[in-house]
file final05.csv (CSV, C-alpha atoms and all ligand atoms)
chain,number,residue,atom,x,y,z
I,1,MET,CA,5.9,13.4,-27.1
I,2,VAL,CA,8.9,11.5,-26.0
I,3,LEU,CA,8.9,7.9,-27.1
I,4,ARG,CA,10.7,5.5,-24.9
I,5,LYS,CA,11.0,1.8,-24.3
I,6,GLN,CA,8.7,0.2,-21.7
I,7,LYS,CA,8.6,-3.0,-19.8
I,8,PHE,CA,5.8,-4.4,-17.7
I,9,SER,CA,6.4,-7.6,-15.9
I,10,VAL,CA,4.6,-9.1,-12.9
I,11,PRO,CA,4.9,-12.8,-12.2
I,12,THR,CA,1.9,-13.1,-9.9
I,13,GLN,CA,-1.1,-15.0,-11.1
I,14,ILE,CA,-4.2,-13.0,-10.1
I,15,HIS,CA,-7.6,-14.6,-9.3
I,16,PHE,CA,-10.2,-11.9,-8.8
I,17,GLY,CA,-13.8,-11.8,-7.8
I,18,PRO,CA,-16.4,-12.9,-5.2
I,19,GLY,CA,-15.8,-16.5,-4.0
I,20,VAL,CA,-12.3,-16.9,-5.5
I,21,LEU,CA,-11.1,-17.9,-2.0
I,22,GLU,CA,-12.4,-21.4,-2.9
I,23,ASN,CA,-9.8,-21.7,-5.6
I,24,LEU,CA,-7.3,-22.2,-2.8
I,25,LYS,CA,-8.4,-25.9,-2.7
I,26,ASP,CA,-7.1,-26.4,-6.3
I,27,LEU,CA,-3.9,-24.5,-5.7
I,28,ILE,CA,-2.5,-26.5,-2.8
I,29,SER,CA,-1.6,-30.1,-2.8
I,30,HIS,CA,-2.4,-32.2,0.3
I,31,THR,CA,1.3,-32.8,0.7
I,32,GLU,CA,2.1,-29.1,1.4
I,33,LYS,CA,2.7,-27.8,4.9
I,34,VAL,CA,1.2,-24.3,5.0
I,35,PHE,CA,2.5,-21.5,7.3
I,36,LEU,CA,-0.6,-19.2,7.5
I,37,VAL,CA,0.5,-15.6,8.3
I,38,SER,CA,-2.2,-13.3,9.5
I,39,ASP,CA,-3.0,-11.0,12.5
I,40,ALA,CA,-5.3,-10.8,15.5
I,41,GLY,CA,-7.9,-8.6,13.8
I,42,VAL,CA,-8.3,-10.9,10.8
I,43,GLU,CA,-8.5,-13.9,13.2
I,44,LYS,CA,-11.2,-12.1,15.3
I,45,ALA,CA,-13.2,-11.4,12.1
I,46,GLY,CA,-13.3,-15.2,11.5
I,47,ILE,CA,-11.4,-15.1,8.2
I,48,THR,CA,-8.4,-17.2,9.3
I,49,GLU,CA,-10.9,-19.8,10.3
I,50,LYS,CA,-12.4,-19.8,6.8
I,51,VAL,CA,-9.0,-20.4,5.3
I,52,ALA,CA,-8.1,-23.0,7.8
I,53,ALA,CA,-11.4,-24.9,7.1
I,54,LEU,CA,-10.5,-24.9,3.3
I,55,LEU,CA,-7.1,-26.3,4.1
I,56,GLU,CA,-8.5,-28.9,6.4
I,57,GLU,CA,-11.0,-30.0,3.8
I,58,ARG,CA,-8.0,-30.6,1.5
I,59,GLY,CA,-6.2,-32.4,4.2
I,60,VAL,CA,-3.4,-29.9,4.3
I,61,GLN,CA,-1.3,-29.5,7.5
I,62,HIS,CA,-1.0,-25.9,8.6
I,63,CYS,CA,0.3,-23.6,11.3
I,64,LEU,CA,-1.4,-20.3,12.1
I,65,TYR,CA,0.9,-17.4,13.0
I,66,THR,CA,-0.8,-14.1,14.0
I,67,ASN,CA,1.8,-12.2,15.9
I,68,ILE,CA,1.9,-9.4,13.4
I,69,THR,CA,1.2,-5.7,14.2
I,70,PRO,CA,0.5,-2.7,11.8
I,71,ASN,CA,3.9,-1.5,10.6
I,72,PRO,CA,5.6,-4.9,11.1
I,73,THR,CA,9.1,-4.9,12.4
I,74,ALA,CA,12.3,-6.8,11.6
I,75,ALA,CA,12.0,-8.5,15.0
I,76,GLN,CA,8.6,-9.8,14.1
I,77,VAL,CA,9.9,-11.2,10.8
I,78,LYS,CA,12.7,-12.9,12.6
I,79,GLU,CA,10.4,-14.5,15.1
I,80,ALA,CA,8.0,-15.7,12.4
I,81,HIS,CA,11.0,-17.0,10.4
I,82,ARG,CA,12.0,-19.2,13.4
I,83,GLU,CA,8.5,-20.5,13.7
I,84,LEU,CA,8.2,-21.2,10.0
I,85,LYS,CA,11.5,-23.2,10.1
I,86,ALA,CA,10.5,-25.2,13.2
I,87,PHE,CA,7.2,-26.1,11.5
I,88,GLY,CA,9.0,-27.1,8.2
I,89,ALA,CA,6.7,-25.1,5.9
I,90,SER,CA,6.6,-25.6,2.2
I,91,THR,CA,4.0,-22.9,1.5
I,92,VAL,CA,3.3,-19.5,2.9
I,93,ILE,CA,-0.2,-18.1,2.8
I,94,SER,CA,-0.4,-14.4,3.8
I,95,LEU,CA,-3.9,-13.3,4.8
I,96,GLY,CA,-4.8,-9.8,5.8
I,97,GLY,CA,-3.9,-6.2,5.2
I,98,GLY,CA,-0.5,-5.0,4.1
I,99,SER,CA,1.3,-6.1,7.3
I,100,PRO,CA,0.6,-9.8,7.2
I,101,LEU,CA,1.1,-9.8,3.4
I,102,ASP,CA,4.5,-8.0,3.6
I,103,VAL,CA,5.7,-10.3,6.3
I,104,GLY,CA,4.4,-13.5,4.6
I,105,LYS,CA,6.0,-12.5,1.3
I,106,VAL,CA,9.5,-11.9,2.8
I,107,LEU,CA,9.2,-15.1,4.9
I,108,ALA,CA,8.7,-17.2,1.7
I,109,ALA,CA,11.9,-15.7,0.3
I,110,LEU,CA,13.9,-16.0,3.5
I,111,ALA,CA,12.9,-19.6,3.9
I,112,THR,CA,14.8,-20.7,0.8
I,113,ASN,CA,17.8,-18.4,1.0
I,114,GLU,CA,20.7,-18.3,3.4
I,115,GLY,CA,21.5,-15.0,5.2
I,116,LYS,CA,19.8,-12.6,7.5
I,117,LEU,CA,17.0,-10.2,6.8
I,118,GLU,CA,19.2,-7.1,7.1
I,119,GLU,CA,21.5,-8.3,4.3
I,120,TYR,CA,18.5,-8.2,1.9
I,121,GLN,CA,16.9,-5.2,3.4
I,122,TRP,CA,19.9,-2.9,3.9
I,123,GLU,CA,22.9,-4.3,2.0
I,124,GLY,CA,21.2,-5.1,-1.3
I,125,ARG,CA,21.9,-8.8,-1.3
I,126,PRO,CA,19.7,-10.5,-3.9
I,127,PHE,CA,17.7,-13.6,-3.2
I,128,GLU,CA,19.4,-16.3,-5.2
I,129,ASN,CA,16.8,-19.1,-4.8
I,130,PRO,CA,13.1,-19.0,-5.7
I,131,PRO,CA,10.8,-18.6,-2.7
I,132,LEU,CA,8.4,-21.1,-1.2
I,133,LEU,CA,5.0,-21.3,-2.8
I,134,SER,CA,3.6,-17.9,-1.7
I,135,ILE,CA,-0.1,-17.1,-1.9
I,136,ALA,CA,-1.4,-13.7,-0.9
I,137,ILE,CA,-5.0,-13.2,0.2
I,138,PRO,CA,-5.8,-9.5,0.9
I,139,THR,CA,-8.6,-8.7,3.4
I,140,THR,CA,-8.4,-5.0,2.9
I,141,ALA,CA,-8.6,-3.1,-0.4
I,142,GLY,CA,-5.6,-0.8,0.0
I,143,THR,CA,-2.1,-2.0,0.0
I,144,GLY,CA,-2.0,-3.8,-3.4
I,145,SER,CA,0.7,-5.9,-1.7
I,146,GLU,CA,-0.7,-9.0,-3.3
I,147,VAL,CA,0.9,-8.1,-6.6
I,148,THR,CA,4.1,-6.3,-5.7
I,149,GLY,CA,7.7,-7.3,-5.4
I,150,MET,CA,8.3,-5.4,-2.2
I,151,SER,CA,7.8,-6.0,1.5
I,152,VAL,CA,8.0,-3.0,3.7
I,153,ILE,CA,9.4,-3.7,7.2
I,154,ILE,CA,10.5,-1.3,9.9
I,155,ASP,CA,14.1,-1.6,11.1
I,156,ARG,CA,16.2,1.1,12.8
I,157,ASN,CA,13.1,3.3,13.0
I,158,VAL,CA,12.9,3.4,9.2
I,159,LYS,CA,10.3,1.8,6.9
I,160,ARG,CA,12.4,0.1,4.3
I,161,ALA,CA,11.4,-2.2,1.6
I,162,VAL,CA,12.9,-5.6,0.9
I,163,LEU,CA,12.8,-5.8,-2.9
I,164,GLY,CA,13.2,-8.5,-5.6
I,165,PRO,CA,11.6,-11.0,-7.8
I,166,ALA,CA,11.5,-13.5,-5.0
I,167,ILE,CA,9.1,-11.3,-3.0
I,168,TYR,CA,6.2,-11.4,-5.5
I,169,PRO,CA,3.5,-13.9,-4.4
I,170,ARG,CA,3.1,-16.7,-7.0
I,171,VAL,CA,-0.7,-16.3,-6.6
I,172,ALA,CA,-3.0,-13.5,-5.4
I,173,LEU,CA,-6.5,-14.4,-4.4
I,174,VAL,CA,-8.5,-11.2,-4.3
I,175,ASP,CA,-11.9,-12.0,-3.0
I,176,PRO,CA,-14.1,-9.0,-2.2
I,177,GLU,CA,-16.4,-11.2,0.0
I,178,LEU,CA,-13.5,-11.2,2.5
I,179,MET,CA,-13.7,-7.4,2.8
I,180,VAL,CA,-17.4,-7.0,3.7
I,181,THR,CA,-16.7,-7.1,7.5
I,182,LEU,CA,-13.9,-4.4,7.4
I,183,PRO,CA,-15.0,-1.5,9.5
I,184,ALA,CA,-15.9,1.8,7.8
I,185,ASP,CA,-12.8,3.7,9.1
I,186,LEU,CA,-10.4,1.0,7.9
I,187,THR,CA,-12.2,0.8,4.6
I,188,ALA,CA,-11.8,4.6,4.2
I,189,SER,CA,-8.1,4.8,5.2
I,190,THR,CA,-7.0,1.7,3.2
I,191,GLY,CA,-9.0,2.8,0.2
I,192,LEU,CA,-7.3,6.2,0.3
I,193,ASP,CA,-4.0,4.4,0.5
I,194,ALA,CA,-4.9,2.7,-2.7
I,195,LEU,CA,-5.8,6.1,-4.2
I,196,SER,CA,-2.4,7.4,-3.1
I,197,HIS,CA,-0.7,4.5,-4.9
I,198,ALA,CA,-2.6,5.2,-8.1
I,199,VAL,CA,-2.0,9.0,-7.9
I,200,GLU,CA,1.7,8.6,-7.1
I,201,ALA,CA,2.3,6.0,-9.8
I,202,TYR,CA,0.5,8.1,-12.3
I,203,VAL,CA,2.5,11.3,-11.8
I,204,GLY,CA,5.8,9.5,-10.9
I,205,LYS,CA,8.9,9.9,-13.1
I,206,ASN,CA,8.8,6.1,-13.9
I,207,SER,CA,5.2,6.1,-15.1
I,208,SER,CA,4.4,4.7,-18.5
I,209,PRO,CA,1.3,4.5,-20.7
I,210,ILE,CA,0.7,1.0,-19.3
I,211,THR,CA,0.9,2.0,-15.7
I,212,ASP,CA,-1.0,5.2,-16.5
I,213,ALA,CA,-4.0,3.2,-17.8
I,214,LEU,CA,-4.0,1.0,-14.7
I,215,ALA,CA,-3.7,4.1,-12.4
I,216,LEU,CA,-6.4,6.1,-14.0
I,217,GLU,CA,-8.8,3.2,-14.0
I,218,ALA,CA,-8.1,2.8,-10.3
I,219,ILE,CA,-8.6,6.5,-9.6
I,220,GLY,CA,-11.9,6.5,-11.4
I,221,LEU,CA,-13.2,3.3,-9.6
I,222,LEU,CA,-12.2,4.7,-6.2
I,223,GLY,CA,-13.9,8.1,-6.9
I,224,ARG,CA,-17.1,6.2,-7.8
I,225,TYR,CA,-17.2,3.4,-5.3
I,226,LEU,CA,-15.1,4.1,-2.2
I,227,TRP,CA,-17.7,6.2,-0.5
I,228,ARG,CA,-20.3,3.4,-1.2
I,229,ALA,CA,-18.1,0.8,0.4
I,230,VAL,CA,-17.5,3.1,3.4
I,231,ALA,CA,-21.2,3.9,3.8
I,232,ASP,CA,-22.4,0.3,3.5
I,233,GLY,CA,-19.7,-2.4,4.0
I,234,GLN,CA,-22.1,-5.1,2.8
I,235,ASP,CA,-22.4,-3.4,-0.7
I,236,LEU,CA,-20.7,-6.2,-2.6
I,237,LYS,CA,-20.5,-4.4,-5.9
I,238,ALA,CA,-18.8,-1.4,-4.2
I,239,ARG,CA,-16.4,-3.8,-2.4
I,240,ASP,CA,-15.7,-5.6,-5.6
I,241,ARG,CA,-14.9,-2.3,-7.5
I,242,VAL,CA,-12.7,-1.0,-4.7
I,243,ALA,CA,-10.8,-4.3,-4.4
I,244,LEU,CA,-10.2,-4.2,-8.2
I,245,ALA,CA,-9.0,-0.6,-7.9
I,246,SER,CA,-6.6,-1.6,-5.1
I,247,THR,CA,-5.1,-4.4,-7.2
I,248,LEU,CA,-4.8,-2.2,-10.3
I,249,ALA,CA,-3.2,0.5,-8.2
I,250,GLY,CA,-0.8,-2.1,-6.8
I,251,LEU,CA,0.3,-3.1,-10.2
I,252,ALA,CA,0.8,0.5,-11.3
I,253,MET,CA,2.8,1.3,-8.1
I,254,ASP,CA,4.9,-1.9,-8.4
I,255,GLN,CA,6.0,-0.9,-11.9
I,256,ALA,CA,6.0,2.9,-11.7
I,257,GLY,CA,7.0,3.6,-8.1
I,258,LEU,CA,5.7,6.0,-5.5
I,259,GLY,CA,6.6,9.5,-4.4
I,260,ILE,CA,6.2,12.2,-1.8
I,261,VAL,CA,3.1,11.0,-0.1
I,262,HIS,CA,4.7,7.6,0.9
I,263,SER,CA,8.0,9.4,1.6
I,264,LEU,CA,6.2,11.6,4.2
I,265,ALA,CA,4.3,8.5,5.5
I,266,GLY,CA,7.7,6.9,6.2
I,267,PRO,CA,8.5,8.8,9.4
I,268,LEU,CA,4.9,8.8,10.6
I,269,GLY,CA,5.0,5.0,10.6
I,270,GLY,CA,8.7,4.6,11.5
I,271,PHE,CA,8.8,7.1,14.4
I,272,PHE,CA,5.2,7.0,15.7
I,273,ASP,CA,3.6,3.8,14.5
I,274,VAL,CA,0.8,5.6,12.7
I,275,PRO,CA,-1.0,3.0,10.6
I,276,HIS,CA,0.1,3.1,6.9
I,277,GLY,CA,-3.3,3.6,5.4
I,278,LEU,CA,-4.2,6.4,7.8
I,279,SER,CA,-0.8,8.2,7.2
I,280,ASN,CA,-1.4,8.2,3.4
I,281,ALA,CA,-5.1,9.1,3.8
I,282,ILE,CA,-4.0,12.2,5.7
I,283,LEU,CA,-1.0,13.1,3.6
I,284,LEU,CA,-2.4,12.5,0.1
I,285,PRO,CA,-4.0,15.9,-0.5
I,286,TYR,CA,-0.9,17.8,0.9
I,287,GLY,CA,1.4,15.7,-1.3
I,288,MET,CA,-0.8,16.3,-4.3
I,289,ARG,CA,-0.9,20.0,-3.7
I,290,PHE,CA,2.9,20.1,-3.5
I,291,ASN,CA,3.3,18.2,-6.8
I,292,ALA,CA,0.5,19.9,-8.8
I,293,MET,CA,2.8,22.5,-10.4
I,294,ALA,CA,5.1,19.7,-11.6
I,295,ALA,CA,2.5,17.8,-13.6
I,296,PRO,CA,-0.5,20.0,-14.2
I,297,GLU,CA,-1.9,18.1,-17.2
I,298,LYS,CA,-1.8,14.8,-15.4
I,299,TYR,CA,-3.4,16.4,-12.4
I,300,ALA,CA,-6.3,17.8,-14.6
I,301,ARG,CA,-6.7,14.2,-15.9
I,302,ILE,CA,-6.9,12.9,-12.3
I,303,ALA,CA,-9.6,15.6,-11.7
I,304,ARG,CA,-11.6,14.3,-14.7
I,305,ALA,CA,-11.2,10.7,-13.5
I,306,LEU,CA,-12.7,11.8,-10.3
I,307,GLY,CA,-15.7,13.3,-12.1
I,308,VAL,CA,-14.7,17.0,-12.3
I,309,ASP,CA,-15.5,18.7,-15.6
I,310,THR,CA,-12.2,20.6,-16.3
I,311,ARG,CA,-13.1,21.7,-19.9
I,312,ASP,CA,-13.6,25.4,-19.0
I,313,LEU,CA,-10.7,25.5,-16.5
I,314,GLU,CA,-7.3,27.0,-17.1
I,315,ARG,CA,-4.5,24.5,-16.9
I,316,TRP,CA,-3.5,25.4,-13.3
I,317,HIS,CA,-7.1,25.4,-12.1
I,318,GLY,CA,-7.6,22.0,-13.6
I,319,ALA,CA,-4.7,20.7,-11.7
I,320,ILE,CA,-5.9,22.2,-8.4
I,321,ALA,CA,-9.3,20.7,-9.1
I,322,ALA,CA,-7.7,17.3,-8.6
I,323,VAL,CA,-6.5,18.3,-5.1
I,324,GLU,CA,-9.9,19.7,-4.3
I,325,ALA,CA,-11.7,16.6,-5.5
I,326,VAL,CA,-9.5,14.4,-3.2
I,327,VAL,CA,-10.0,16.8,-0.3
I,328,CYS,CA,-13.8,16.4,-0.8
I,329,LEU,CA,-13.5,12.6,-1.1
I,330,VAL,CA,-11.5,12.5,2.2
I,331,LYS,CA,-14.1,14.7,3.9
I,332,GLU,CA,-16.9,12.4,2.6
I,333,MET,CA,-15.2,9.4,4.3
I,334,SER,CA,-15.7,11.2,7.7
I,335,LEU,CA,-12.3,10.0,8.7
I,336,THR,CA,-11.4,11.3,12.1
I,337,TRP,CA,-7.8,11.5,13.2
I,338,ASP,CA,-5.5,13.3,15.6
I,339,LEU,CA,-1.8,12.7,15.0
I,340,LYS,CA,-1.1,14.0,18.5
I,341,GLU,CA,-2.6,10.8,19.8
I,342,TYR,CA,0.4,9.0,18.2
I,343,GLY,CA,2.8,11.5,19.8
I,344,VAL,CA,3.4,13.6,16.7
I,345,THR,CA,4.2,17.1,17.8
I,346,GLY,CA,5.6,20.3,16.3
I,347,ASP,CA,9.0,19.8,17.9
I,348,ARG,CA,9.5,16.6,15.8
I,349,VAL,CA,8.7,18.0,12.4
I,350,GLU,CA,12.3,19.0,11.6
I,351,GLU,CA,13.5,15.4,12.1
I,352,MET,CA,10.5,14.1,10.3
I,353,GLY,CA,11.2,16.4,7.3
I,354,ARG,CA,14.8,15.3,7.1
I,355,ALA,CA,13.8,11.6,7.2
I,356,ALA,CA,11.1,12.1,4.5
I,357,ALA,CA,13.4,13.9,2.1
I,358,GLU,CA,15.9,11.0,2.4
I,359,MET,CA,13.4,8.3,1.5
I,360,ARG,CA,14.3,6.4,-1.7
I,361,LEU,CA,10.8,6.9,-3.0
I,362,MET,CA,11.3,10.6,-3.3
I,363,LEU,CA,13.6,10.1,-6.2
I,364,ASN,CA,10.5,9.1,-8.3
I,365,ASN,CA,8.6,12.2,-7.3
I,366,PRO,CA,7.9,14.7,-10.1
I,367,ARG,CA,9.0,17.6,-7.9
I,368,GLN,CA,12.0,17.3,-5.7
I,369,ALA,CA,11.3,18.2,-2.1
I,370,THR,CA,13.8,19.5,0.4
I,371,ALA,CA,13.9,18.5,4.1
I,372,LYS,CA,12.6,22.0,4.8
I,373,GLN,CA,9.7,21.7,2.4
I,374,CYS,CA,8.8,18.3,3.9
I,375,GLU,CA,8.9,19.9,7.4
I,376,GLN,CA,6.5,22.6,6.2
I,377,ILE,CA,4.1,20.0,4.9
I,378,PHE,CA,4.1,18.2,8.3
I,379,MET,CA,3.4,21.6,10.0
I,380,SER,CA,0.5,22.2,7.6
I,381,VAL,CA,-0.9,18.7,8.5
I,382,LEU,CA,-0.5,19.2,12.2
I,383,GLU,CA,-2.2,22.6,12.0
I,384,ARG,CA,-4.9,21.2,9.8
I,385,ARG,CA,-4.5,23.9,7.1
I,386,ASP,CA,-6.6,23.4,4.0
I,387,PRO,CA,-4.3,21.5,1.6
I,388,SER,CA,-5.9,23.2,-1.5
I,389,PHE,CA,-4.3,26.5,-0.5
I,390,GLU,CA,-1.0,25.3,0.8
I,391,ASP,CA,1.7,26.6,-1.5
I,392,ILE,CA,5.0,25.2,-0.3
I,393,THR,CA,7.6,27.1,-2.2
I,394,ASP,CA,10.8,27.2,-0.3
I,401,FE,FE,0.7,2.6,0.6
call {"tool": "encode", "arguments": {"input": "final05.csv", "output": "structure tokens"}}
result
Amino acid sequence: MVLRKQKFSVPTQIHFGPGVLENLKDLISHTEKVFLVSDAGVEKAGITEKVAALLEERGVQHCLYTNITPNPTAAQVKEAHRELKAFGASTVISLGGGSPLDVGKVLAALATNEGKLEEYQWEGRPFENPPLLSIAIPTTAGTGSEVTGMSVIIDRNVKRAVLGPAIYPRVALVDPELMVTLPADLTASTGLDALSHAVEAYVGKNSSPITDALALEAIGLLGRYLWRAVADGQDLKARDRVALASTLAGLAMDQAGLGIVHSLAGPLGGFFDVPHGLSNAILLPYGMRFNAMAAPEKYARIARALGVDTRDLERWHGAIAAVEAVVCLVKEMSLTWDLKEYGVTGDRVEEMGRAAAEMRLMLNNPRQATAKQCEQIFMSVLERRDPSFEDITD
């Protein structure tokens, strides 16, 4: 066993549990001016109204901004930044799935720092000043963005993270009651995104015993409760456990990094606008199969966390059992998808393979993947081959 130094540091204060949304009243002074970042879906579900009512009760001025789409772009961030400045916001509340949260977090940092988004996103300029008061309220259990120091924004057809301490929200309010109206298909795809965070953090090169504990707990919770939340959205215990798993997986991912699944998801979102959760839900078993040979013990541990008895299995079969367990879980979600609907076709896989292999996240993957191998995985996905049998060797 190799002993090495570890560091785990997250500046975000986490409030978790049914009803914690109410805590917002104690977190914001009546003198604040709140820029509330959300999207049309969350507004339609009546959740922005709930938050606005709490702010009004406290006498807080606010401006609602909902012009955010899945896979948010740099142009959207710039437009929102102009609105935020015109309003003179002192606080940003991000409310929604990963897209509003990622936009809100970067807005809070841009608001207090000179310079353009691209300097921070592409040129590695650090944020020098602390951000505005930034509060993240997830309405899906998937991205874990409420506890991470990264905002993923599309620019130049690439999904690229803006990173740094200034991106972390100061407070995360994770209230499972806000998730009960999320439709079954979104519950499934976002939950499988959370599972991909936990799995990738667990097997990634930067994993540590601390992140392993968080990731394994998240995997176990998702194995036990995700199907329940999909089957019955009103099952508050299932929503609560899945929300907890998502936040734990977010913490693990933030500290340990991601890998091939998110690298492959990059071009699906960047080129074709496939929603992030769906991309990862589709790719997770394929990415796991590719990596199994690089971390067989950890894969067998994942299988056990998902309820598979691996005691009588040989090392390799224990690892493949994890892939099979995830394939079963995905099937159980009855997730229907057709990447051709997004314009993904066989003649683009070469370009997609190249883009995936170049993603920064790939450096953390336990098995290095070439552009050709990524291309082969995309072909397997398009042809809907069974990931349990897909041996990508060359
Ligand atoms: Fe993700």
call {"tool": "residues_near_ligand", "arguments": {"input": "final05.csv", "ligand": "ligand FE 401 (chain I)", "cutoff": "10 Å", "atoms": "all atoms listed in the file", "output": "MDAnalysis selection string"}}
result
chainID I and resid 98 142:145 152 190:198 200 249:250 253 258 261:262 265:266 276:281
call {"tool": "residues_near_point", "arguments": {"input": "final05.csv", "point": "(13.8, 0.1, 7.9)", "cutoff": "9 Å", "atoms": "all atoms listed in the file", "output": "ChimeraX atom specification"}}
result
/I:73-74,121-122,152-161,270
call {"tool": "closest_residue", "arguments": {"input": "final05.csv", "among": "I:Leu283, I:Val171, I:Leu335, I:Leu182", "to": "I:Ser380", "atoms": "only C-alpha atoms"}}
result
I:Leu283
call {"tool": "residues_around", "arguments": {"input": "final05.csv", "residues": "I:Asn364", "least_positions_apart": "5", "cutoff": "10 Å", "atoms": "all atoms listed in the file", "output": "list in words"}}
result
Glu200, Ala201, Val203, Gly204, Lys205, Asn206, Ser207, Ala256, Gly257, Leu258, Gly259 and Ile260 of chain I
call {"tool": "closest_residue", "arguments": {"input": "final05.csv", "among": "I:Pro70, I:Pro296, I:Gly59, I:Gly287", "to": "I:Lys33", "atoms": "all atoms listed in the file"}}
result
I:Gly59
